[in-house]
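Undergrad: Next comes start07.pdb, PDB, C-alpha atoms:
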```pdb
ATOM      1  CA  ASP A 253       0.000   0.000   0.000  1.00  0.00           C
ATOM      2  CA  THR A 254       2.682   2.452  -1.025  1.00  0.00           C
ATOM      3  CA  ALA A 255       1.443   6.016  -0.650  1.00  0.00           C
ATOM      4  CA  VAL A 256       3.595   7.526  -3.417  1.00  0.00           C
ATOM      5  CA  SER A 257       5.068   5.152  -5.953  1.00  0.00           C
ATOM      6  CA  GLN A 258       7.440   5.721  -8.845  1.00  0.00           C
ATOM      7  CA  THR A 259       8.480   3.556 -11.752  1.00  0.00           C
ATOM      8  CA  PRO A 260      11.067   2.638 -12.699  1.00  0.00           C
ATOM      9  CA  LYS A 261      13.338   2.687  -9.674  1.00  0.00           C
ATOM     10  CA  TYR A 262      16.449   2.600 -11.857  1.00  0.00           C
ATOM     11  CA  LEU A 263      16.807   3.858 -15.390  1.00  0.00           C
ATOM     12  CA  VAL A 264      19.978   3.604 -17.476  1.00  0.00           C
ATOM     13  CA  THR A 265      19.876   5.095 -20.926  1.00  0.00           C
ATOM     14  CA  GLN A 266      22.034   6.715 -23.580  1.00  0.00           C
ATOM     15  CA  MET A 267      22.374  10.351 -24.452  1.00  0.00           C
ATOM     16  CA  GLY A 268      19.793  11.596 -26.868  1.00  0.00           C
ATOM     17  CA  ASN A 269      17.087   9.144 -25.852  1.00  0.00           C
ATOM     18  CA  ASP A 270      13.624  10.088 -24.606  1.00  0.00           C
ATOM     19  CA  LYS A 271      12.382   8.545 -21.378  1.00  0.00           C
ATOM     20  CA  SER A 272       9.514   8.801 -18.930  1.00  0.00           C
ATOM     21  CA  ILE A 273       9.177   8.322 -15.198  1.00  0.00           C
ATOM     22  CA  LYS A 274       5.763   7.571 -13.768  1.00  0.00           C
ATOM     23  CA  CYS A 275       4.398   8.650 -10.397  1.00  0.00           C
ATOM     24  CA  GLU A 276       1.187   7.735  -8.642  1.00  0.00           C
ATOM     25  CA  GLN A 277      -0.167   8.694  -5.220  1.00  0.00           C
ATOM     26  CA  ASN A 278      -3.081   7.038  -3.444  1.00  0.00           C
ATOM     27  CA  LEU A 279      -3.376   9.624  -0.677  1.00  0.00           C
ATOM     28  CA  GLY A 280      -6.042  11.722  -2.323  1.00  0.00           C
ATOM     29  CA  HIS A 281      -3.715  14.720  -2.332  1.00  0.00           C
ATOM     30  CA  ASP A 282      -4.339  17.700  -4.547  1.00  0.00           C
ATOM     31  CA  THR A 283      -0.762  18.706  -5.270  1.00  0.00           C
ATOM     32  CA  MET A 284       2.085  16.680  -6.728  1.00  0.00           C
ATOM     33  CA  TYR A 285       5.737  17.596  -7.313  1.00  0.00           C
ATOM     34  CA  TRP A 286       8.882  16.524  -9.071  1.00  0.00           C
ATOM     35  CA  TYR A 287      12.260  17.072  -7.422  1.00  0.00           C
ATOM     36  CA  LYS A 288      15.771  16.481  -8.688  1.00  0.00           C
ATOM     37  CA  GLN A 289      18.529  15.458  -6.296  1.00  0.00           C
ATOM     38  CA  ASP A 290      21.832  16.174  -7.959  1.00  0.00           C
ATOM     39  CA  SER A 291      25.319  14.880  -7.222  1.00  0.00           C
ATOM     40  CA  LYS A 292      25.730  17.482  -4.492  1.00  0.00           C
ATOM     41  CA  LYS A 293      22.671  16.009  -2.750  1.00  0.00           C
ATOM     42  CA  PHE A 294      20.540  19.133  -3.009  1.00  0.00           C
ATOM     43  CA  LEU A 295      16.829  18.502  -3.498  1.00  0.00           C
ATOM     44  CA  LYS A 296      15.573  21.026  -6.019  1.00  0.00           C
ATOM     45  CA  ILE A 297      11.964  21.415  -7.013  1.00  0.00           C
ATOM     46  CA  MET A 298      11.241  21.140 -10.717  1.00  0.00           C
ATOM     47  CA  PHE A 299       7.467  21.161 -11.069  1.00  0.00           C
ATOM     48  CA  SER A 300       4.303  21.202  -9.054  1.00  0.00           C
ATOM     49  CA  TYR A 301       0.774  20.337 -10.167  1.00  0.00           C
ATOM     50  CA  ASN A 302      -2.374  21.250  -8.272  1.00  0.00           C
ATOM     51  CA  ASN A 303      -5.577  19.602  -9.488  1.00  0.00           C
ATOM     52  CA  LYS A 304      -3.936  18.919 -12.858  1.00  0.00           C
ATOM     53  CA  GLU A 305      -2.763  22.475 -13.319  1.00  0.00           C
ATOM     54  CA  LEU A 306       0.848  23.557 -13.309  1.00  0.00           C
ATOM     55  CA  ILE A 307       1.371  26.010 -10.484  1.00  0.00           C
ATOM     56  CA  ILE A 308       5.130  26.013 -10.190  1.00  0.00           C
ATOM     57  CA  ASN A 309       7.580  25.671 -13.028  1.00  0.00           C
ATOM     58  CA  GLU A 310      11.151  26.277 -11.995  1.00  0.00           C
ATOM     59  CA  THR A 311      13.687  27.133 -14.616  1.00  0.00           C
ATOM     60  CA  VAL A 312      14.248  23.645 -15.912  1.00  0.00           C
ATOM     61  CA  PRO A 313      15.036  22.937 -19.574  1.00  0.00           C
ATOM     62  CA  ASN A 314      11.972  22.502 -21.741  1.00  0.00           C
ATOM     63  CA  ARG A 315      13.230  19.003 -22.541  1.00  0.00           C
ATOM     64  CA  PHE A 316      11.508  18.147 -19.257  1.00  0.00           C
ATOM     65  CA  SER A 317       7.742  18.077 -19.405  1.00  0.00           C
ATOM     66  CA  PRO A 318       5.347  17.000 -16.673  1.00  0.00           C
ATOM     67  CA  LYS A 319       2.124  15.283 -17.665  1.00  0.00           C
ATOM     68  CA  SER A 320      -0.783  14.823 -15.288  1.00  0.00           C
ATOM     69  CA  PRO A 321      -3.601  12.644 -16.670  1.00  0.00           C
ATOM     70  CA  ASP A 322      -5.460  12.958 -13.348  1.00  0.00           C
ATOM     71  CA  LYS A 323      -4.730  14.285  -9.885  1.00  0.00           C
ATOM     72  CA  ALA A 324      -3.338  10.938  -8.702  1.00  0.00           C
ATOM     73  CA  HIS A 325      -0.657  10.803 -11.391  1.00  0.00           C
ATOM     74  CA  LEU A 326       2.181  13.084 -12.390  1.00  0.00           C
ATOM     75  CA  ASN A 327       4.561  11.684 -14.985  1.00  0.00           C
ATOM     76  CA  LEU A 328       7.844  13.205 -16.059  1.00  0.00           C
ATOM     77  CA  HIS A 329       8.920  13.055 -19.693  1.00  0.00           C
ATOM     78  CA  ILE A 330      12.481  13.868 -20.632  1.00  0.00           C
ATOM     79  CA  ASN A 331      13.522  14.370 -24.236  1.00  0.00           C
ATOM     80  CA  SER A 332      17.022  14.303 -25.712  1.00  0.00           C
ATOM     81  CA  LEU A 333      18.650  13.144 -22.492  1.00  0.00           C
ATOM     82  CA  GLU A 334      22.012  14.658 -21.575  1.00  0.00           C
ATOM     83  CA  LEU A 335      24.775  13.494 -19.254  1.00  0.00           C
ATOM     84  CA  GLY A 336      23.889  16.241 -16.799  1.00  0.00           C
ATOM     85  CA  ASP A 337      20.401  14.824 -16.389  1.00  0.00           C
ATOM     86  CA  SER A 338      21.860  11.958 -14.370  1.00  0.00           C
ATOM     87  CA  ALA A 339      20.382  12.311 -10.901  1.00  0.00           C
ATOM     88  CA  VAL A 340      17.777  10.888  -8.569  1.00  0.00           C
ATOM     89  CA  TYR A 341      14.288  12.155  -9.304  1.00  0.00           C
ATOM     90  CA  PHE A 342      11.700  12.193  -6.541  1.00  0.00           C
ATOM     91  CA  CYS A 343       7.999  12.531  -6.899  1.00  0.00           C
ATOM     92  CA  ALA A 344       6.038  13.942  -3.952  1.00  0.00           C
ATOM     93  CA  SER A 345       2.521  14.954  -3.020  1.00  0.00           C
ATOM     94  CA  SER A 346       0.840  17.118  -0.410  1.00  0.00           C
ATOM     95  CA  GLN A 347      -2.645  17.703   0.903  1.00  0.00           C
ATOM     96  CA  ASP A 348      -3.443  21.098  -0.597  1.00  0.00           C
ATOM     97  CA  ALA A 349      -1.768  23.754  -2.639  1.00  0.00           C
ATOM     98  CA  PRO A 350       1.325  24.481  -0.587  1.00  0.00           C
ATOM     99  CA  VAL A 351      -0.093  27.597   0.994  1.00  0.00           C
ATOM    100  CA  THR A 352       1.751  27.120   4.249  1.00  0.00           C
ATOM    101  CA  SER A 353       4.356  24.590   3.218  1.00  0.00           C
ATOM    102  CA  ILE A 354       2.370  21.593   4.285  1.00  0.00           C
ATOM    103  CA  GLU A 355       4.568  18.549   4.588  1.00  0.00           C
ATOM    104  CA  GLN A 356       5.126  16.489   1.494  1.00  0.00           C
ATOM    105  CA  TYR A 357       5.072  12.749   0.995  1.00  0.00           C
ATOM    106  CA  PHE A 358       7.863  11.468  -1.222  1.00  0.00           C
ATOM    107  CA  GLY A 359       8.181   8.500  -3.497  1.00  0.00           C
ATOM    108  CA  PRO A 360      11.225   6.209  -3.308  1.00  0.00           C
ATOM    109  CA  GLY A 361      13.038   7.975  -6.122  1.00  0.00           C
ATOM    110  CA  THR A 362      14.182   7.037  -9.608  1.00  0.00           C
ATOM    111  CA  ARG A 363      17.905   6.919 -10.196  1.00  0.00           C
ATOM    112  CA  LEU A 364      18.512   8.030 -13.771  1.00  0.00           C
ATOM    113  CA  THR A 365      21.912   7.369 -15.319  1.00  0.00           C
ATOM    114  CA  VAL A 366      22.663   8.781 -18.739  1.00  0.00           C
ATOM    115  CA  THR A 367      25.675   7.273 -20.505  1.00  0.00           C
TER     116      THR A 367
ATOM    117  CA  ASP B 201      23.529  30.766  -3.315  1.00  0.00           C
ATOM    118  CA  GLN B 202      22.442  28.335  -0.651  1.00  0.00           C
ATOM    119  CA  GLN B 203      19.586  29.778   1.346  1.00  0.00           C
ATOM    120  CA  VAL B 204      19.419  26.756   3.640  1.00  0.00           C
ATOM    121  CA  LYS B 205      22.693  25.443   4.941  1.00  0.00           C
ATOM    122  CA  GLN B 206      23.492  22.296   6.811  1.00  0.00           C
ATOM    123  CA  ASN B 207      27.170  22.739   7.419  1.00  0.00           C
ATOM    124  CA  SER B 208      27.830  19.371   8.990  1.00  0.00           C
ATOM    125  CA  PRO B 209      27.714  16.645   6.358  1.00  0.00           C
ATOM    126  CA  SER B 210      27.835  13.948   9.032  1.00  0.00           C
ATOM    127  CA  LEU B 211      27.366  13.368  12.740  1.00  0.00           C
ATOM    128  CA  SER B 212      28.220  10.335  14.833  1.00  0.00           C
ATOM    129  CA  VAL B 213      26.517   9.736  18.194  1.00  0.00           C
ATOM    130  CA  GLN B 214      26.402   6.967  20.747  1.00  0.00           C
ATOM    131  CA  GLU B 215      23.094   5.228  21.352  1.00  0.00           C
ATOM    132  CA  GLY B 216      21.174   6.814  24.207  1.00  0.00           C
ATOM    133  CA  ARG B 217      22.880  10.190  23.875  1.00  0.00           C
ATOM    134  CA  ILE B 218      21.489  13.348  22.335  1.00  0.00           C
ATOM    135  CA  SER B 219      21.827  14.079  18.613  1.00  0.00           C
ATOM    136  CA  ILE B 220      21.778  17.727  17.599  1.00  0.00           C
ATOM    137  CA  LEU B 221      21.457  18.574  13.934  1.00  0.00           C
ATOM    138  CA  ASN B 222      21.851  22.174  12.894  1.00  0.00           C
ATOM    139  CA  CYS B 223      20.490  24.254  10.066  1.00  0.00           C
ATOM    140  CA  ASP B 224      21.088  27.896   9.141  1.00  0.00           C
ATOM    141  CA  TYR B 225      19.153  29.990   6.690  1.00  0.00           C
ATOM    142  CA  THR B 226      19.735  33.323   5.040  1.00  0.00           C
ATOM    143  CA  ASN B 227      16.300  34.292   3.771  1.00  0.00           C
ATOM    144  CA  SER B 228      14.515  36.313   6.460  1.00  0.00           C
ATOM    145  CA  MET B 229      11.229  35.752   4.616  1.00  0.00           C
ATOM    146  CA  PHE B 230      11.182  32.060   5.481  1.00  0.00           C
ATOM    147  CA  ASP B 231       8.335  31.430   7.898  1.00  0.00           C
ATOM    148  CA  TYR B 232       7.929  27.684   7.952  1.00  0.00           C
ATOM    149  CA  PHE B 233      10.564  25.062   8.582  1.00  0.00           C
ATOM    150  CA  LEU B 234      10.543  21.306   8.260  1.00  0.00           C
ATOM    151  CA  TRP B 235      12.827  18.372   8.939  1.00  0.00           C
ATOM    152  CA  TYR B 236      12.794  15.282   6.773  1.00  0.00           C
ATOM    153  CA  LYS B 237      14.503  11.969   7.377  1.00  0.00           C
ATOM    154  CA  LYS B 238      15.813   9.828   4.559  1.00  0.00           C
ATOM    155  CA  TYR B 239      16.991   6.228   4.557  1.00  0.00           C
ATOM    156  CA  PRO B 240      19.110   4.896   1.654  1.00  0.00           C
ATOM    157  CA  ALA B 241      17.128   4.027  -1.475  1.00  0.00           C
ATOM    158  CA  GLU B 242      13.994   5.625  -0.031  1.00  0.00           C
ATOM    159  CA  GLY B 243      12.372   9.016  -0.383  1.00  0.00           C
ATOM    160  CA  PRO B 244      12.487  11.607   2.415  1.00  0.00           C
ATOM    161  CA  THR B 245       9.810  11.264   5.077  1.00  0.00           C
ATOM    162  CA  PHE B 246       8.441  14.175   7.050  1.00  0.00           C
ATOM    163  CA  LEU B 247       9.607  14.285  10.649  1.00  0.00           C
ATOM    164  CA  ILE B 248       8.644  17.529  12.324  1.00  0.00           C
ATOM    165  CA  SER B 249       7.957  21.153  11.469  1.00  0.00           C
ATOM    166  CA  ILE B 250       7.820  24.556  13.103  1.00  0.00           C
ATOM    167  CA  SER B 251       6.228  27.847  12.221  1.00  0.00           C
ATOM    168  CA  SER B 252       8.088  31.115  12.704  1.00  0.00           C
ATOM    169  CA  ILE B 253       5.573  32.153  15.364  1.00  0.00           C
ATOM    170  CA  LYS B 254       6.991  29.466  17.642  1.00  0.00           C
ATOM    171  CA  ASP B 255      10.461  28.803  18.974  1.00  0.00           C
ATOM    172  CA  LYS B 256      10.018  25.167  19.897  1.00  0.00           C
ATOM    173  CA  ASN B 257       8.032  22.185  18.755  1.00  0.00           C
ATOM    174  CA  GLU B 258       8.228  18.758  20.294  1.00  0.00           C
ATOM    175  CA  ASP B 259       7.102  15.343  19.089  1.00  0.00           C
ATOM    176  CA  GLY B 260       8.202  12.418  21.185  1.00  0.00           C
ATOM    177  CA  ARG B 261      11.974  12.094  21.038  1.00  0.00           C
ATOM    178  CA  PHE B 262      12.238  14.873  18.453  1.00  0.00           C
ATOM    179  CA  THR B 263      12.332  18.570  19.254  1.00  0.00           C
ATOM    180  CA  VAL B 264      12.955  21.406  16.840  1.00  0.00           C
ATOM    181  CA  PHE B 265      14.188  24.757  18.112  1.00  0.00           C
ATOM    182  CA  LEU B 266      13.992  27.951  16.092  1.00  0.00           C
ATOM    183  CA  ASN B 267      16.099  31.042  16.750  1.00  0.00           C
ATOM    184  CA  LYS B 268      14.800  33.644  14.334  1.00  0.00           C
ATOM    185  CA  SER B 269      17.268  36.338  15.278  1.00  0.00           C
ATOM    186  CA  ALA B 270      20.147  33.998  14.501  1.00  0.00           C
ATOM    187  CA  LYS B 271      18.340  32.440  11.523  1.00  0.00           C
ATOM    188  CA  HIS B 272      19.130  29.081  12.991  1.00  0.00           C
ATOM    189  CA  LEU B 273      17.187  25.957  13.764  1.00  0.00           C
ATOM    190  CA  SER B 274      18.183  22.686  15.285  1.00  0.00           C
ATOM    191  CA  LEU B 275      16.741  19.229  15.638  1.00  0.00           C
ATOM    192  CA  HIS B 276      17.314  17.391  18.884  1.00  0.00           C
ATOM    193  CA  ILE B 277      16.843  13.653  19.144  1.00  0.00           C
ATOM    194  CA  VAL B 278      16.791  12.280  22.672  1.00  0.00           C
ATOM    195  CA  PRO B 279      17.611   9.511  23.283  1.00  0.00           C
ATOM    196  CA  SER B 280      19.213   8.571  19.985  1.00  0.00           C
ATOM    197  CA  GLN B 281      18.604   5.083  18.676  1.00  0.00           C
ATOM    198  CA  PRO B 282      20.405   3.081  15.959  1.00  0.00           C
ATOM    199  CA  GLY B 283      17.236   3.237  13.858  1.00  0.00           C
ATOM    200  CA  ASP B 284      17.649   7.019  13.744  1.00  0.00           C
ATOM    201  CA  SER B 285      20.686   6.559  11.501  1.00  0.00           C
ATOM    202  CA  ALA B 286      19.696   8.347   8.298  1.00  0.00           C
ATOM    203  CA  VAL B 287      20.203  11.562   6.364  1.00  0.00           C
ATOM    204  CA  TYR B 288      18.283  14.507   7.827  1.00  0.00           C
ATOM    205  CA  PHE B 289      17.200  17.350   5.565  1.00  0.00           C
ATOM    206  CA  CYS B 290      16.230  20.772   6.762  1.00  0.00           C
ATOM    207  CA  ALA B 291      13.749  22.676   4.555  1.00  0.00           C
ATOM    208  CA  ALA B 292      12.299  26.152   4.674  1.00  0.00           C
ATOM    209  CA  SER B 293       9.668  28.094   2.798  1.00  0.00           C
ATOM    210  CA  GLU B 294       7.879  31.404   2.575  1.00  0.00           C
ATOM    211  CA  GLY B 295       4.099  31.226   2.715  1.00  0.00           C
ATOM    212  CA  GLY B 296       3.815  33.368  -0.377  1.00  0.00           C
ATOM    213  CA  SER B 297       6.244  31.528  -2.630  1.00  0.00           C
ATOM    214  CA  TYR B 298       5.105  27.972  -1.755  1.00  0.00           C
ATOM    215  CA  ILE B 299       8.488  26.582  -2.800  1.00  0.00           C
ATOM    216  CA  PRO B 300      10.435  24.647  -0.136  1.00  0.00           C
ATOM    217  CA  THR B 301      14.183  25.101  -0.181  1.00  0.00           C
ATOM    218  CA  PHE B 302      16.154  22.139   1.085  1.00  0.00           C
ATOM    219  CA  GLY B 303      19.574  21.916   2.654  1.00  0.00           C
ATOM    220  CA  ARG B 304      21.959  19.258   1.445  1.00  0.00           C
ATOM    221  CA  GLY B 305      21.408  17.035   4.460  1.00  0.00           C
ATOM    222  CA  THR B 306      23.348  15.721   7.436  1.00  0.00           C
ATOM    223  CA  SER B 307      24.102  12.029   7.730  1.00  0.00           C
ATOM    224  CA  LEU B 308      23.499  10.838  11.290  1.00  0.00           C
ATOM    225  CA  ILE B 309      25.054   7.605  12.482  1.00  0.00           C
ATOM    226  CA  VAL B 310      23.978   6.283  15.860  1.00  0.00           C
ATOM    227  CA  HIS B 311      26.326   3.642  17.204  1.00  0.00           C
ATOM    228  CA  PRO B 312      24.966   0.850  19.419  1.00  0.00           C
TER     229      PRO B 312
END
```
Is it possible to give me this structure as structure tokens?
TA:
Amino acid sequence: DTAVSQTPKYLVTQMGNDKSIKCEQNLGHDTMYWYKQDSKKFLKIMFSYNNKELIINETVPNRFSPKSPDKAHLNLHINSLELGDSAVYFCASSQDAPVTSIEQYFGPGTRLTVT
Amino acid sequence: DQQVKQNSPSLSVQEGRISILNCDYTNSMFDYFLWYKKYPAEGPTFLISISSIKDKNEDGRFTVFLNKSAKHLSLHIVPSQPGDSAVYFCAASEGGSYIPTFGRGTSLIVHP
């Protein structure tokens, strides 16, 4: 009964490929997020969706595109993968729009390695 | 420019003693602070939070202290247990911006 799940857990691919990471939450939350944890271990927010609408879009390359078919899912598509995209990507969700920084529930992460 | 700093990458503590994890921030607009705990190969899990209107919040063995004038917060774990061994992330946000800023984490090792 995983609250926030991601697939795949590991992803190894070559430069230039297009890949997707899927995320699902069964908590009934309204807001979902994608974070990138880089080699320096910082967790940086990439996107946030509230009720299927993008409400935060940090300055990430437009090769990254979030897709939310419904409020329980937020998938991450990455086109033309580059070496620098190698990182651990975390999906998260929270109860409401993050008006007062309500705590987030994280998935287990997807370790992406671009060769 | 790191707005949330966890200057100690690691901390080693004996079981039963107190663990103190520190976090400094530079943005005076931050008004909500959270601590997350992360085990290897898992996502961070929420531990405890504190609003800027308070200076202390306690939950069982975990207590967070906030010193707004020093822009400093700390997480105290008493008594420490081996199962507390994990990476602890400090995070902060402004109510208006909605975006949490994370520190780079402190790895806590509690020795039996």
Undergrad: Determine, counting all atoms listed in the file, which protein, DNA and RNA residues have an atom within 8 Å of an atom of A:Met267; residues of the same chain fewer than 6 positions away are not included. Present the result as a ChimeraX atom specification.
TA: /A:332-335,366-367
Undergrad: Counting all atoms listed in the file, which residues of chain B come no farther than 10 Å from chain A, as a CSV table (one decimal) with C-alpha atoms, in the frame of the given file?
TA:
```csv
chain,number,residue,atom,x,y,z
B,202,GLN,CA,22.4,28.3,-0.7
B,231,ASP,CA,8.3,31.4,7.9
B,232,TYR,CA,7.9,27.7,8.0
B,233,PHE,CA,10.6,25.1,8.6
B,234,LEU,CA,10.5,21.3,8.3
B,235,TRP,CA,12.8,18.4,8.9
B,236,TYR,CA,12.8,15.3,6.8
B,238,LYS,CA,15.8,9.8,4.6
B,239,TYR,CA,17.0,6.2,4.6
B,240,PRO,CA,19.1,4.9,1.7
B,241,ALA,CA,17.1,4.0,-1.5
B,242,GLU,CA,14.0,5.6,0.0
B,243,GLY,CA,12.4,9.0,-0.4
B,244,PRO,CA,12.5,11.6,2.4
B,245,THR,CA,9.8,11.3,5.1
B,246,PHE,CA,8.4,14.2,7.0
B,247,LEU,CA,9.6,14.3,10.6
B,248,ILE,CA,8.6,17.5,12.3
B,249,SER,CA,8.0,21.2,11.5
B,251,SER,CA,6.2,27.8,12.2
B,289,PHE,CA,17.2,17.4,5.6
B,291,ALA,CA,13.7,22.7,4.6
B,292,ALA,CA,12.3,26.2,4.7
B,293,SER,CA,9.7,28.1,2.8
B,294,GLU,CA,7.9,31.4,2.6
B,295,GLY,CA,4.1,31.2,2.7
B,296,GLY,CA,3.8,33.4,-0.4
B,297,SER,CA,6.2,31.5,-2.6
B,298,TYR,CA,5.1,28.0,-1.8
B,299,ILE,CA,8.5,26.6,-2.8
B,300,PRO,CA,10.4,24.6,-0.1
B,301,THR,CA,14.2,25.1,-0.2
B,302,PHE,CA,16.2,22.1,1.1
B,303,GLY,CA,19.6,21.9,2.7
B,304,ARG,CA,22.0,19.3,1.4
B,305,GLY,CA,21.4,17.0,4.5
```
Undergrad: Identify all residues satisfying the PyMOL selection byres ((chain B and resi 211) around 8) in the given file; provide them as a list of chain:residue names.
TA: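 Checked against the file, the PyMOL selection byres ((chain B and resi 211) around 8) matches B:Ser208, B:Pro209, B:Ser210, B:Ser212, B:Val213, B:Leu221, B:Thr306, B:Ser307, B:Leu308, B:Ile309.
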Undergrad: If we count only C-alpha atoms and set the cut-off at 6 Å, which residues sit around B:Tyr225, ignoring sequence neighbours fewer than 3 positions away in its own chain? Please answer as a list in words.
TA: Gln203, Val204 and Lys271 of chain B
Undergrad: Using only C-alpha atoms, which of A:Gln266, A:Gly336, A:Tyr287, A:Ser346 sits nearest A:Pro318?
TA: A:Tyr287
Undergrad: Determine the nearest neighbour of B:Asn207 from the options B:Leu273, B:Asn257, B:Asp224, B:Ser219, counting all atoms listed in the file.
TA: B:Asp224
Undergrad: Just to confirm, what's the straight-line distance from atom CA of A:Ala255 to atom CA of A:Lys304 in Å (one decimal)?
TA: 18.6 Å
Undergrad: Let me know the residues the PyMOL selection byres ((chain B and resi 311) around 7) catches in the file above, as a JSON list (two decimals) with C-alpha atoms, in the frame of the given file.
TA:
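Listing of out.json after writing:
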```
[["chain", "number", "residue", "atom", "x", "y", "z"],
["B", 213, "VAL", "CA", 26.52, 9.74, 18.19],
["B", 214, "GLN", "CA", 26.40, 6.97, 20.75],
["B", 215, "GLU", "CA", 23.09, 5.23, 21.35],
["B", 282, "PRO", "CA", 20.40, 3.08, 15.96],
["B", 309, "ILE", "CA", 25.05, 7.60, 12.48],
["B", 310, "VAL", "CA", 23.98, 6.28, 15.86],
["B", 312, "PRO", "CA", 24.97, 0.85, 19.42]]
```
Undergrad: Give me, please, the distance in Å between atom CA of B:Tyr288 and atom CA of B:Asn267, quoted to one decimal.
TA: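 Atom CA of B:Tyr288 sits 18.9 Å away from atom CA of B:Asn267.
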Undergrad: Between atom CA of A:Ile330 and atom CA of A:Leu306, what is the distance in Å, rounded to a tenth?
TA: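 So the two atoms, atom CA of A:Ile330 and atom CA of A:Leu306, lie 16.8 Å apart.
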Undergrad: If you count only C-alpha atoms, which residues fall within 10 Å of A:Tyr301, apart from same-chain ones fewer than 5 positions away, as JSON, numbers by chain?
TA: {"A": [282, 283, 284, 285, 286, 306, 307, 308, 309, 318, 319, 320, 323, 325, 326, 345, 349]}
